[in-house]
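To be precise, the following lines are coords25.txt, and they hold compact mmCIF, C-alpha atoms.
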# COMPACT_ATOMS: atom_id res chain seq x y z
CA MET A 240 31.79 2.62 -111.09
CA THR A 241 30.24 3.75 -107.84
CA LEU A 242 28.69 7.11 -107.20
CA ASN A 243 30.53 9.86 -105.37
CA ILE A 244 28.70 12.83 -103.97
CA TYR A 245 30.86 15.94 -104.29
CA HIS A 246 30.51 19.20 -102.44
CA SER A 247 32.52 21.37 -104.79
CA PHE A 248 32.00 21.83 -108.52
CA LYS A 249 35.66 22.77 -108.76
CA GLU A 250 36.67 19.38 -107.38
CA ALA A 251 34.12 17.46 -109.46
CA THR A 252 35.36 18.94 -112.73
CA ALA A 253 39.08 19.48 -111.98
CA ASP A 254 40.28 16.25 -113.64
CA ILE A 255 38.61 17.03 -116.97
CA PRO A 256 41.75 17.35 -119.09
CA ASP A 257 42.52 19.78 -121.89
CA GLY A 258 41.34 18.22 -125.15
CA ALA A 259 38.53 16.20 -123.55
CA THR A 260 35.26 15.43 -125.31
CA LEU A 261 32.17 16.47 -123.37
CA VAL A 262 28.53 15.70 -123.98
CA VAL A 263 26.42 18.38 -122.34
CA GLY A 264 22.67 18.28 -121.63
CA GLY A 265 20.21 21.11 -122.21
CA PHE A 266 18.13 22.63 -124.99
CA GLY A 267 18.70 26.33 -125.51
CA LEU A 268 19.28 27.55 -121.96
CA SER A 269 16.75 25.15 -120.47
CA GLY A 270 18.09 22.30 -118.38
CA ILE A 271 21.74 23.21 -118.83
CA PRO A 272 24.31 22.18 -116.20
CA GLU A 273 25.10 25.81 -115.44
CA LYS A 274 27.21 25.20 -112.32
CA SER A 275 29.52 22.63 -113.96
CA ILE A 276 29.96 24.91 -116.96
CA GLN A 277 30.85 27.79 -114.63
CA ALA A 278 33.42 25.58 -112.85
CA LEU A 279 35.03 24.63 -116.17
CA ARG A 280 35.21 28.30 -117.07
CA GLU A 281 36.97 29.08 -113.78
CA HIS A 282 39.35 26.16 -114.22
CA GLY A 283 40.14 27.24 -117.78
CA THR A 284 40.15 23.74 -119.33
CA LYS A 285 41.11 24.16 -123.00
CA ASN A 286 40.68 22.56 -126.43
CA LEU A 287 37.38 20.97 -125.54
CA THR A 288 35.18 19.14 -128.03
CA VAL A 289 31.63 19.81 -126.89
CA VAL A 290 28.63 17.80 -128.06
CA SER A 291 25.45 19.69 -127.17
CA ASN A 292 22.32 20.70 -129.05
CA ASN A 293 23.14 24.43 -128.75
CA CYS A 294 26.04 26.54 -127.56
CA GLY A 295 24.40 28.91 -125.08
CA VAL A 296 24.31 32.67 -125.55
CA ASP A 297 27.24 35.09 -125.42
CA ASP A 298 27.27 35.43 -121.63
CA PHE A 299 25.52 32.32 -120.35
CA GLY A 300 25.64 28.55 -120.68
CA LEU A 301 28.27 27.07 -123.00
CA GLY A 302 28.71 30.56 -124.47
CA ILE A 303 30.96 31.48 -121.53
CA LEU A 304 33.39 28.70 -122.50
CA LEU A 305 33.40 29.97 -126.08
CA ALA A 306 34.02 33.53 -124.95
CA ASN A 307 37.03 32.25 -122.99
CA LYS A 308 38.26 30.30 -126.05
CA GLN A 309 38.02 26.95 -124.30
CA ILE A 310 36.13 25.14 -127.06
CA LYS A 311 38.00 23.76 -130.07
CA LYS A 312 35.13 21.94 -131.71
CA MET A 313 31.37 22.13 -131.34
CA VAL A 314 28.98 19.36 -132.39
CA ALA A 315 25.45 20.82 -132.37
CA SER A 316 22.19 21.12 -134.30
CA TYR A 317 21.53 24.84 -133.90
CA VAL A 318 23.92 27.61 -132.94
CA GLY A 319 22.13 30.74 -134.11
CA GLU A 320 21.85 32.53 -130.77
CA ASN A 321 25.49 33.33 -130.29
CA LYS A 322 27.58 36.17 -131.80
CA ILE A 323 30.91 34.99 -130.37
CA PHE A 324 30.25 31.64 -131.98
CA GLU A 325 29.83 33.34 -135.35
CA GLN A 326 33.09 35.33 -134.97
CA GLN A 327 35.15 32.30 -133.94
CA TYR A 328 33.61 30.13 -136.65
CA LEU A 329 34.23 32.67 -139.42
CA SER A 330 37.82 33.27 -138.26
CA GLY A 331 38.48 29.51 -138.31
CA GLU A 332 39.26 29.32 -134.57
CA LEU A 333 36.26 27.08 -133.95
CA GLU A 334 35.53 23.83 -135.73
CA VAL A 335 31.83 23.06 -136.14
CA GLU A 336 29.99 19.86 -136.97
CA LEU A 337 26.29 20.49 -137.55
CA VAL A 338 24.12 17.44 -136.92
CA PRO A 339 20.34 17.21 -137.37
CA GLN A 340 18.76 17.31 -133.93
CA GLY A 341 17.19 13.86 -134.07
CA THR A 342 20.38 12.34 -135.43
CA LEU A 343 22.34 14.05 -132.66
CA ALA A 344 19.96 12.70 -130.01
CA GLU A 345 20.11 9.20 -131.49
CA ARG A 346 23.91 9.30 -131.83
CA ILE A 347 24.17 10.12 -128.14
CA ARG A 348 21.56 7.52 -127.18
CA ALA A 349 23.28 4.89 -129.35
CA GLY A 350 26.69 5.71 -127.90
CA GLY A 351 25.38 5.26 -124.39
CA ALA A 352 23.66 2.01 -125.38
CA GLY A 353 26.76 0.46 -126.93
CA ILE A 354 25.56 0.83 -130.51
CA PRO A 355 28.41 2.08 -132.72
CA GLY A 356 26.22 3.10 -135.67
CA PHE A 357 22.70 3.18 -137.08
CA TYR A 358 20.90 4.07 -140.31
CA THR A 359 18.53 7.02 -140.71
CA ALA A 360 16.75 8.68 -143.63
CA THR A 361 17.43 12.08 -142.07
CA GLY A 362 19.83 14.09 -144.21
CA VAL A 363 19.71 11.99 -147.40
CA GLY A 364 20.30 14.27 -150.42
CA THR A 365 21.55 17.13 -148.22
CA PRO A 366 25.04 18.48 -147.44
CA ILE A 367 25.23 16.39 -144.28
CA ALA A 368 25.17 13.19 -146.35
CA GLU A 369 28.52 14.04 -147.96
CA GLY A 370 31.09 11.33 -147.32
CA LYS A 371 28.67 9.12 -145.43
CA GLU A 372 28.02 5.47 -146.21
CA THR A 373 24.50 4.72 -147.44
CA LYS A 374 22.39 1.58 -147.57
CA GLU A 375 19.06 0.73 -149.17
CA PHE A 376 16.26 -0.77 -147.10
CA ASN A 377 12.99 -1.53 -148.91
CA GLY A 378 13.97 0.72 -151.77
CA GLN A 379 14.74 3.74 -149.60
CA THR A 380 18.18 5.20 -148.96
CA TYR A 381 19.50 5.63 -145.43
CA LEU A 382 22.67 7.20 -144.02
CA LEU A 383 25.03 5.51 -141.62
CA GLU A 384 25.50 7.65 -138.51
CA GLU A 385 27.86 6.87 -135.64
CA GLY A 386 27.17 6.68 -131.93
CA ILE A 387 28.84 9.23 -129.66
CA VAL A 388 30.67 8.39 -126.45
CA ALA A 389 32.27 11.25 -124.53
CA ASP A 390 35.01 11.36 -121.90
CA PHE A 391 32.70 13.25 -119.58
CA ALA A 392 28.98 14.05 -119.54
CA LEU A 393 27.69 17.20 -117.85
CA VAL A 394 24.07 16.80 -116.89
CA LYS A 395 21.39 18.77 -115.05
CA ALA A 396 18.51 16.98 -113.34
CA TRP A 397 15.86 18.23 -110.94
CA LYS A 398 16.16 15.68 -108.14
CA ALA A 399 18.40 12.76 -107.30
CA ASP A 400 18.51 10.26 -104.51
CA THR A 401 21.77 9.33 -102.81
CA LEU A 402 22.26 6.47 -105.31
CA GLY A 403 22.12 8.88 -108.25
CA ASN A 404 18.67 7.89 -109.48
CA LEU A 405 17.40 10.95 -111.35
CA VAL A 406 14.16 12.80 -111.88
CA PHE A 407 13.96 15.57 -114.47
CA ARG A 408 11.48 18.42 -114.63
CA LYS A 409 9.28 19.29 -117.62
CA THR A 410 11.15 20.15 -120.84
CA ALA A 411 14.39 20.64 -118.90
CA ARG A 412 14.76 16.89 -119.42
CA ASN A 413 15.62 17.20 -123.15
CA PHE A 414 19.12 15.84 -123.90
CA ASN A 415 20.05 15.26 -120.24
CA PRO A 416 19.11 11.59 -119.71
CA ILE A 417 20.78 10.44 -122.92
CA ALA A 418 23.84 12.62 -122.28
CA ALA A 419 24.16 10.90 -118.90
CA THR A 420 24.37 7.50 -120.59
CA ALA A 421 27.04 8.59 -123.07
CA GLY A 422 29.70 9.86 -120.67
CA LYS A 423 32.54 7.60 -119.51
CA ILE A 424 32.30 9.74 -116.38
CA THR A 425 28.96 11.44 -115.85
CA ILE A 426 28.73 14.49 -113.61
CA VAL A 427 25.18 15.36 -112.58
CA GLU A 428 24.03 18.52 -110.82
CA VAL A 429 20.61 18.68 -109.18
CA GLU A 430 18.46 21.07 -107.19
CA GLU A 431 17.75 18.54 -104.47
CA ILE A 432 19.21 15.27 -103.18
CA VAL A 433 16.82 13.03 -101.27
CA GLU A 434 17.50 9.91 -99.21
CA VAL A 435 17.56 6.62 -101.07
CA GLY A 436 14.11 5.02 -100.87
CA THR A 437 12.31 8.35 -101.03
CA LEU A 438 11.73 8.19 -104.78
CA ASP A 439 9.14 5.74 -106.05
CA PRO A 440 11.01 3.38 -108.45
CA ASP A 441 8.25 4.14 -110.97
CA GLU A 442 9.01 7.85 -110.98
CA ILE A 443 12.76 7.54 -111.66
CA HIS A 444 13.54 8.80 -115.18
CA LEU A 445 17.15 7.61 -115.24
CA PRO A 446 18.70 4.91 -113.06
CA GLY A 447 21.75 5.92 -111.04
CA ILE A 448 23.89 3.30 -112.81
CA TYR A 449 24.82 6.01 -115.33
CA VAL A 450 25.90 8.57 -112.72
CA GLN A 451 29.40 8.72 -111.26
CA ARG A 452 29.48 12.17 -109.66
CA LEU A 453 26.57 13.99 -108.06
CA LEU A 454 26.31 17.54 -106.75
CA VAL A 455 23.50 19.64 -105.37
CA ALA A 456 23.37 23.39 -105.97
CA GLU A 457 21.20 26.36 -105.06
CA ASN A 458 20.36 29.62 -106.75
CA TYR A 459 20.01 28.36 -110.28
CA GLU A 460 19.75 31.30 -112.64
CA LYS A 461 17.65 29.34 -115.20
CA ARG A 462 17.79 32.18 -117.65
CA ILE A 463 14.86 32.39 -120.06
CA GLU A 464 15.83 32.86 -123.70
CA LYS A 465 12.47 33.98 -125.07
CA ARG A 466 10.06 35.23 -122.47
CA THR A 467 6.61 34.88 -124.04
CA VAL A 468 3.62 35.57 -121.80
CA ARG A 469 -0.09 36.25 -122.09
CA LYS A 470 -2.20 38.52 -119.91
CA GLU A 471 -3.59 37.16 -116.66
CA ALA A 472 -7.17 35.98 -117.13
CA MET B 147 -1.47 40.68 -140.75
CA LYS B 148 1.00 40.00 -143.52
CA TYR B 149 0.86 36.22 -143.12
CA ASP B 150 -2.90 35.82 -142.62
CA VAL B 151 -3.37 34.30 -146.09
CA LEU B 152 -0.78 31.60 -145.32
CA ILE B 153 -2.05 30.94 -141.83
CA ASN B 154 -5.74 30.81 -142.80
CA ARG B 155 -5.00 28.21 -145.45
CA ALA B 156 -2.55 26.22 -143.30
CA VAL B 157 -5.15 25.88 -140.53
CA LYS B 158 -7.30 23.81 -142.90
CA GLU B 159 -4.59 21.15 -143.03
CA VAL B 160 -5.07 20.36 -139.35
CA ARG B 161 -7.76 17.78 -138.55
CA ASP B 162 -9.28 16.89 -135.21
CA GLY B 163 -7.26 14.27 -133.33
CA MET B 164 -3.97 14.78 -135.14
CA PHE B 165 -0.48 14.84 -133.64
CA VAL B 166 1.10 17.93 -135.18
CA ASN B 167 4.51 19.57 -135.18
CA LEU B 168 4.60 23.25 -136.09
CA GLY B 169 7.90 24.78 -137.15
CA ILE B 170 9.34 28.00 -135.76
CA GLY B 171 7.96 31.27 -137.17
CA ILE B 172 4.81 31.44 -139.30
CA PRO B 173 3.86 27.77 -138.68
CA THR B 174 3.79 28.40 -134.92
CA LEU B 175 1.08 31.02 -135.51
CA VAL B 176 -1.21 28.30 -136.91
CA ALA B 177 -1.81 27.07 -133.33
CA ASP B 178 -3.63 30.27 -132.35
CA ALA B 179 -5.79 30.15 -135.47
CA LEU B 180 -7.14 26.63 -134.86
CA PRO B 181 -10.93 26.51 -134.38
CA GLU B 182 -12.16 25.26 -131.00
CA SER B 183 -13.70 22.19 -132.64
CA VAL B 184 -10.24 20.95 -133.65
CA ASN B 185 -8.42 19.27 -130.79
CA VAL B 186 -4.85 18.28 -131.52
CA LEU B 187 -1.72 17.53 -129.53
CA LEU B 188 1.14 19.76 -130.63
CA GLN B 189 4.60 18.21 -130.47
CA SER B 190 7.69 20.14 -129.52
CA GLU B 191 11.02 18.57 -130.55
CA ASN B 192 12.73 19.37 -127.28
CA GLY B 193 10.51 16.81 -125.58
CA MET B 194 6.83 17.53 -125.17
CA LEU B 195 3.57 16.38 -126.67
CA GLY B 196 0.71 18.77 -125.84
CA ILE B 197 1.95 22.36 -126.01
CA GLY B 198 -0.43 24.78 -124.27
CA PRO B 199 -0.78 28.56 -124.64
CA TYR B 200 1.89 31.01 -123.52
CA PRO B 201 2.03 31.28 -119.72
CA THR B 202 0.80 34.18 -117.63
CA GLU B 203 3.46 35.98 -115.58
CA THR B 204 2.62 33.79 -112.60
CA GLN B 205 2.81 30.56 -114.64
CA LEU B 206 6.16 31.44 -116.21
CA ASP B 207 8.60 28.51 -115.87
CA ALA B 208 12.14 28.35 -117.27
CA ASP B 209 11.85 24.54 -117.31
CA LEU B 210 8.96 24.65 -119.77
CA ILE B 211 9.79 25.89 -123.26
CA ASN B 212 8.96 25.00 -126.86
CA ALA B 213 11.36 24.23 -129.70
CA GLY B 214 11.60 27.97 -130.45
CA LYS B 215 12.86 28.42 -126.85
CA GLU B 216 9.72 30.36 -125.96
CA THR B 217 8.11 29.85 -122.57
CA VAL B 218 4.90 27.83 -122.89
CA THR B 219 2.46 25.84 -120.76
CA ALA B 220 1.43 22.20 -120.92
CA ALA B 221 -2.01 21.41 -122.35
CA LYS B 222 -4.36 18.92 -120.73
CA GLY B 223 -3.03 15.45 -121.60
CA ALA B 224 0.53 16.65 -122.22
CA SER B 225 3.57 14.47 -121.66
CA PHE B 226 7.30 15.14 -121.35
CA PHE B 227 10.12 12.95 -122.65
CA ASP B 228 13.77 13.11 -123.61
CA SER B 229 15.13 14.23 -127.00
CA ALA B 230 15.81 10.69 -128.28
CA GLU B 231 12.22 9.69 -127.54
CA SER B 232 11.03 12.90 -129.17
CA PHE B 233 12.77 12.10 -132.43
CA ALA B 234 11.86 8.43 -132.22
CA MET B 235 8.23 9.53 -132.52
CA ILE B 236 9.15 11.86 -135.37
CA ARG B 237 11.42 9.46 -137.26
CA GLY B 238 9.11 6.54 -136.61
CA GLY B 239 6.23 8.14 -138.48
CA HIS B 240 4.01 8.83 -135.49
CA ILE B 241 3.57 12.54 -136.20
CA ASP B 242 0.58 13.01 -138.53
CA LEU B 243 1.51 16.42 -139.83
CA ALA B 244 4.50 18.76 -139.84
CA ILE B 245 4.03 22.34 -141.02
CA LEU B 246 7.32 24.08 -141.79
CA GLY B 247 8.56 27.32 -143.28
CA GLY B 248 10.60 27.29 -146.48
CA MET B 249 13.18 29.26 -148.43
CA GLU B 250 12.76 27.25 -151.67
CA VAL B 251 10.66 24.31 -152.81
CA SER B 252 11.36 22.46 -156.07
CA GLU B 253 8.93 20.85 -158.48
CA SER B 254 10.01 17.41 -157.24
CA GLY B 255 9.13 18.32 -153.64
CA ASP B 256 12.64 19.09 -152.41
CA LEU B 257 12.79 21.61 -149.57
CA ALA B 258 15.56 24.08 -148.71
CA ASN B 259 15.04 25.99 -145.49
CA TRP B 260 18.17 25.90 -143.35
CA MET B 261 21.20 27.54 -144.92
CA ILE B 262 22.32 30.21 -147.34
CA PRO B 263 25.91 29.66 -148.51
CA GLY B 264 28.14 32.59 -147.64
CA LYS B 265 25.94 33.61 -144.74
CA MET B 266 26.33 32.44 -141.17
CA VAL B 267 25.14 28.88 -140.80
CA LYS B 268 22.84 28.58 -137.82
CA GLY B 269 22.03 24.91 -138.13
CA MET B 270 19.13 22.75 -139.19
CA GLY B 271 17.76 21.95 -135.75
CA GLY B 272 15.11 19.27 -136.15
CA ALA B 273 13.93 20.18 -139.64
CA MET B 274 15.77 17.39 -141.50
CA ASP B 275 14.35 14.78 -139.15
CA LEU B 276 10.83 16.18 -139.39
CA VAL B 277 10.66 16.27 -143.19
CA ASN B 278 11.77 12.64 -143.42
CA GLY B 279 9.76 11.34 -140.48
CA ALA B 280 6.37 13.05 -140.36
CA LYS B 281 3.55 11.29 -142.25
CA ARG B 282 2.66 14.50 -144.03
CA VAL B 283 4.83 17.57 -144.67
CA VAL B 284 3.24 20.91 -145.52
CA VAL B 285 5.40 23.92 -146.31
CA VAL B 286 4.14 27.49 -145.94
CA MET B 287 6.12 30.34 -147.51
CA ASP B 288 5.90 33.45 -149.66
CA HIS B 289 5.75 32.62 -153.34
CA VAL B 290 8.33 35.21 -154.36
CA SER B 291 11.44 36.40 -152.48
CA LYS B 292 11.95 40.00 -151.42
CA TYR B 293 14.23 40.30 -154.46
CA GLY B 294 11.33 39.37 -156.74
CA GLU B 295 12.59 35.85 -157.47
CA SER B 296 10.30 32.83 -157.52
CA LYS B 297 10.89 30.59 -154.51
CA VAL B 298 9.01 27.78 -156.27
CA LYS B 299 11.84 26.36 -158.37
CA LYS B 300 12.61 23.77 -161.00
CA ALA B 301 15.47 22.73 -158.70
CA CYS B 302 16.46 24.29 -155.39
CA SER B 303 19.54 26.51 -155.61
CA LEU B 304 20.09 26.37 -151.85
CA PRO B 305 21.38 23.31 -149.94
CA LEU B 306 18.52 20.92 -149.24
CA THR B 307 16.79 20.13 -145.99
CA GLY B 308 15.20 17.08 -147.59
CA GLN B 309 14.80 15.45 -150.99
CA ARG B 310 11.26 14.73 -152.31
CA VAL B 311 9.77 15.31 -148.89
CA VAL B 312 7.07 17.98 -149.39
CA HIS B 313 3.48 16.77 -149.78
CA ARG B 314 1.81 20.16 -150.05
CA LEU B 315 3.04 23.71 -150.54
CA ILE B 316 0.97 26.71 -149.45
CA THR B 317 2.09 30.11 -150.69
CA ASN B 318 0.45 33.52 -150.64
CA LEU B 319 -0.61 32.88 -154.27
CA ALA B 320 -1.57 29.22 -154.46
CA VAL B 321 -1.59 25.68 -153.10
CA PHE B 322 0.34 22.87 -154.81
CA ASP B 323 0.45 19.11 -154.26
CA PHE B 324 3.40 16.86 -155.05
CA THR B 325 2.08 13.61 -156.48
CA GLU B 326 3.22 10.70 -158.62
CA ASN B 327 2.23 12.88 -161.57
CA GLY B 328 4.51 15.68 -160.46
CA MET B 329 3.64 19.07 -159.08
CA GLU B 330 -0.01 20.09 -159.35
CA LEU B 331 -1.66 23.46 -158.80
CA ILE B 332 -4.76 22.59 -156.78
CA GLU B 333 -5.98 25.93 -155.42
CA LEU B 334 -5.65 29.65 -155.95
CA GLN B 335 -5.53 32.00 -152.98
CA PRO B 336 -8.36 34.59 -152.85
CA GLY B 337 -8.03 37.18 -155.62
CA VAL B 338 -5.23 35.32 -157.42
CA THR B 339 -5.48 34.19 -161.06
CA GLU B 340 -3.82 31.24 -162.81
CA GLN B 341 -1.95 33.80 -164.88
CA MET B 342 -0.47 35.42 -161.74
CA VAL B 343 0.70 32.03 -160.48
CA ALA B 344 2.25 31.18 -163.85
CA GLU B 345 4.13 34.48 -163.99
CA ASN B 346 5.60 34.00 -160.53
CA THR B 347 6.49 30.31 -160.67
CA GLU B 348 9.74 28.92 -162.04
CA ALA B 349 8.74 25.30 -161.41
CA HIS B 350 6.87 23.21 -163.96
CA TYR B 351 3.43 22.17 -162.74
CA THR B 352 0.14 20.94 -164.09
CA VAL B 353 -3.16 22.61 -163.29
CA ASN B 354 -5.67 20.51 -161.39
CA LEU B 355 -8.05 23.05 -159.90
CA ALA B 356 -11.22 21.70 -158.35
Now, as a test, write the supplied structure out as structure tokens.
Amino acid sequence: MTLNIYHSFKEATADIPDGATLVVGGFGLSGIPEKSIQALREHGTKNLTVVSNNCGVDDFGLGILLANKQIKKMVASYVGENKIFEQQYLSGELEVELVPQGTLAERIRAGGAGIPGFYTATGVGTPIAEGKETKEFNGQTYLLEEGIVADFALVKAWKADTLGNLVFRKTARNFNPIAATAGKITIVEVEEIVEVGTLDPDEIHLPGIYVQRLLVAENYEKRIEKRTVRKEA
Amino acid sequence: MKYDVLINRAVKEVRDGMFVNLGIGIPTLVADALPESVNVLLQSENGMLGIGPYPTETQLDADLINAGKETVTAAKGASFFDSAESFAMIRGGHIDLAILGGMEVSESGDLANWMIPGKMVKGMGGAMDLVNGAKRVVVVMDHVSKYGESKVKKACSLPLTGQRVVHRLITNLAVFDFTENGMELIELQPGVTEQMVAENTEAHYTVNLA
């Protein structure tokens, strides 16, 4: 599928249907596709299943979709930063599947790589092993975990060229490159689009083959969750 | 500081040249206590090897955080990578040492540190992957809960993070190893007697003090 460069987040996300499964990049509030999330909020798309490491905070990131009751099910590794999440979970409005972070990353990577399942020692003997098939390798028990493929991936990168080749910045990379591979349609937002040929092929973190829709945006909020600083030397 | 006893002992686990992952909370504080002669690369699950100190106001960067979502800097020699790569190095046994906090540890080396039934479940983050993947797993925690109950158990009462995964447990009273011979008391913290450890420990252990 060829790449389309969009000029409106509204347009780029408008065909995401109610009930869709989304895989969303970001770790905490770092490297989240904040403009696409905002557009989904404005569009009001409902009953979403969202696969993402975290679920934002009450008023930013994926938290704004929760607050607007647009998420039906959340698949995540850590959701402790969000009060609305807690309320909706306890009231039974929100379904939650907790997945160990490495298993979540590998499930997304596997999904994008056409691998339907894999074995991992992570979670053996814990509540997350319940109901899962196990297999012994060299005398050790492993759990069968399934790859994840989503209808849409929402991704944030730093730079792209006009073919959708992506460069990420620092730890804002996190789940973004693998999320991009696991979407049937991958929507990527960046801070800068450069002409094809400008990026050195060696510096490209993710080839544009995984990207179907590309948008550039300004004025990223990039909210910091825990501002820890030391005194100037 | 309340946790100095734990931190001072945990620092001794870290050897020059190691790749180390420090859990959120008390374990993170071990980084600041490392002597200058010990050079290690600290791994952060979100995708970084080589965590540096906290940034100054002018260095502050929302795109550079640790697994606790705190702003950090990159140390000399640091590298960035995606989350799958990050856990490939954890799961694949390339991390020499993981130091984690704990709620309960059992005499067979089981660890519980992620959920309390009936309370809000926040999630396990990367802890389950770390305890199964790191070459060596050291847990630091208080010996007794704030309700006066021993956190060093015959069997964990809380849901597990990992089964038979702890190599060494450091508490404010003692240090234990988990070996083929079971759980062994190997050290007493300063000012602590064997009797004090015995009175505050539910788990069965043998004494193997140097």
### Task
Return as a ChimeraX atom specification the residues belonging to chain B that are within 8 Å of chain A, counting all atoms listed in the file.
/B:192-194,200-203,206,208-211,215-218,226-230,232-234,237,266-275,278-279,305-309
### Query
Do you know which residues are at most 8 Å from Thr260 in chain A counting only C-alpha atoms, after dropping those on the same chain fewer than 4 positions away, and could you put them as a list in words?
Leu287, Thr288, Val289, Val290, Ala389, Asp390 and Phe391 of chain A
### Task
Could you please determine the separation between CA of Ser254 in chain B and CA of Glu345 in chain B in Å, to one decimal place?
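Rounded to one decimal, the two atoms are 19.3 Å apart.
Picture a line from CA of Asn259 in chain B to CA of Val277 in chain B; it runs 10.9 Å.
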Do a neighbour search on Leu243 in chain B at 9 Å with only C-alpha atoms, toss out local chain neighbours closer than 5 positions, and write the hits as an mmCIF file with C-alpha atoms, in the frame of the given file.
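Saved the output as out.cif:
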data_model
loop_
_atom_site.group_PDB
_atom_site.id
_atom_site.type_symbol
_atom_site.label_atom_id
_atom_site.label_comp_id
_atom_site.auth_asym_id
_atom_site.auth_seq_id
_atom_site.Cartn_x
_atom_site.Cartn_y
_atom_site.Cartn_z
ATOM 1 C CA GLU B 159 -4.590 21.150 -143.030
ATOM 2 C CA VAL B 160 -5.070 20.360 -139.350
ATOM 3 C CA MET B 164 -3.970 14.780 -135.140
ATOM 4 C CA PHE B 165 -0.480 14.840 -133.640
ATOM 5 C CA VAL B 166 1.100 17.930 -135.180
ATOM 6 C CA ASN B 167 4.510 19.570 -135.180
ATOM 7 C CA LEU B 168 4.600 23.250 -136.090
ATOM 8 C CA ALA B 280 6.370 13.050 -140.360
ATOM 9 C CA LYS B 281 3.550 11.290 -142.250
ATOM 10 C CA ARG B 282 2.660 14.500 -144.030
ATOM 11 C CA VAL B 283 4.830 17.570 -144.670
ATOM 12 C CA VAL B 284 3.240 20.910 -145.520
#
### Task
Compare A:Leu454, A:Phe376, A:Thr401, A:Thr437 by their minimum atom-to-atom distance to His246 in chain A, counting only C-alpha atoms, and give me the closest one.
A:Leu454
### Message
At a cut-off of 12 Å, using all atoms listed in the file, what residues contact Lys148 in chain B? Leave out same-chain residues fewer than 2 positions from it and give the result as a PyMOL selection string.
### Response
chain B and resi 150-154+172+287-288+318
Skipping near chain neighbours, those fewer than 4 positions away, what residues fall within 6 Å of Leu246 in chain B using all atoms listed in the file, listed as a PDB file with C-alpha atoms, keeping the file's coordinate frame?
ATOM      1  CA  GLY B 169       7.900  24.780-137.150  1.00  0.00           C
ATOM      2  CA  PRO B 173       3.860  27.770-138.680  1.00  0.00           C
ATOM      3  CA  VAL B 285       5.400  23.920-146.310  1.00  0.00           C
TER       4      VAL B 285
END
### Message
At a cut-off of 12 Å, using only C-alpha atoms, what residues contact Ala356 in chain B? Leave out same-chain residues fewer than 3 positions from it and give the result as a ChimeraX atom specification.
### Response
/B:321,330-334,353
### Query
If you measure from CA of Ile443 in chain A to CA of Gly238 in chain B, what distance in Å do you get, rounded to one decimal?
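The value is 25.2 Å.
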### Task
Using all atoms listed in the file, find the one residue out of A:Ser291, A:Gln309, A:Asn377, A:Gln451 that sits nearest to Leu261 in chain A.
A:Ser291
### Task
Give as a list in words each residue that has an atom at most 7 Å from (-3.8, 27.1, -137.6) in the file, counting all atoms listed in the file.
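Those within range, by chain then number, are Ile153, Asn154, Ala156, Val157, Leu175, Val176, Ala177, Asp178, Ala179 and Leu180 of chain B.
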### Message
I'd like to know which of B:Arg314, B:Arg161, B:Lys222, B:Lys299 is closest to Val286 in chain B, using only C-alpha atoms.
### Response
B:Arg314
Since the input is missing atoms, can you rebuild N, CA and C atoms for range 297-307 of chain B and write them as a PDB file, in the coordinates of the input?
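To be explicit, this is the file written out as out.pdb:
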ATOM      1  N   LYS B 297      10.332  31.554-155.461  1.00  0.00           N
ATOM      2  CA  LYS B 297      10.890  30.590-154.510  1.00  0.00           C
ATOM      3  C   LYS B 297      10.407  29.172-154.829  1.00  0.00           C
ATOM      4  N   VAL B 298       9.540  29.077-155.833  1.00  0.00           N
ATOM      5  CA  VAL B 298       9.010  27.780-156.270  1.00  0.00           C
ATOM      6  C   VAL B 298       9.776  27.411-157.537  1.00  0.00           C
ATOM      7  N   LYS B 299      10.775  26.539-157.371  1.00  0.00           N
ATOM      8  CA  LYS B 299      11.840  26.360-158.370  1.00  0.00           C
ATOM      9  C   LYS B 299      11.725  25.058-159.158  1.00  0.00           C
ATOM     10  N   LYS B 300      12.398  25.041-160.301  1.00  0.00           N
ATOM     11  CA  LYS B 300      12.610  23.770-161.000  1.00  0.00           C
ATOM     12  C   LYS B 300      13.481  22.870-160.111  1.00  0.00           C
ATOM     13  N   ALA B 301      14.590  23.436-159.645  1.00  0.00           N
ATOM     14  CA  ALA B 301      15.470  22.730-158.700  1.00  0.00           C
ATOM     15  C   ALA B 301      15.916  23.764-157.669  1.00  0.00           C
ATOM     16  N   CYS B 302      16.034  23.344-156.425  1.00  0.00           N
ATOM     17  CA  CYS B 302      16.460  24.290-155.390  1.00  0.00           C
ATOM     18  C   CYS B 302      17.890  24.734-155.653  1.00  0.00           C
ATOM     19  N   SER B 303      18.172  26.028-155.470  1.00  0.00           N
ATOM     20  CA  SER B 303      19.540  26.510-155.610  1.00  0.00           C
ATOM     21  C   SER B 303      20.261  26.458-154.266  1.00  0.00           C
ATOM     22  N   LEU B 304      19.505  26.422-153.189  1.00  0.00           N
ATOM     23  CA  LEU B 304      20.090  26.370-151.850  1.00  0.00           C
ATOM     24  C   LEU B 304      20.273  24.911-151.409  1.00  0.00           C
ATOM     25  N   PRO B 305      21.198  24.683-150.459  1.00  0.00           N
ATOM     26  CA  PRO B 305      21.380  23.310-149.940  1.00  0.00           C
ATOM     27  C   PRO B 305      20.074  22.770-149.353  1.00  0.00           C
ATOM     28  N   LEU B 306      19.816  21.508-149.622  1.00  0.00           N
ATOM     29  CA  LEU B 306      18.520  20.920-149.240  1.00  0.00           C
ATOM     30  C   LEU B 306      18.397  20.606-147.756  1.00  0.00           C
ATOM     31  N   THR B 307      17.150  20.648-147.308  1.00  0.00           N
ATOM     32  CA  THR B 307      16.790  20.130-145.990  1.00  0.00           C
ATOM     33  C   THR B 307      16.325  18.681-146.161  1.00  0.00           C
TER      34      THR B 307
END
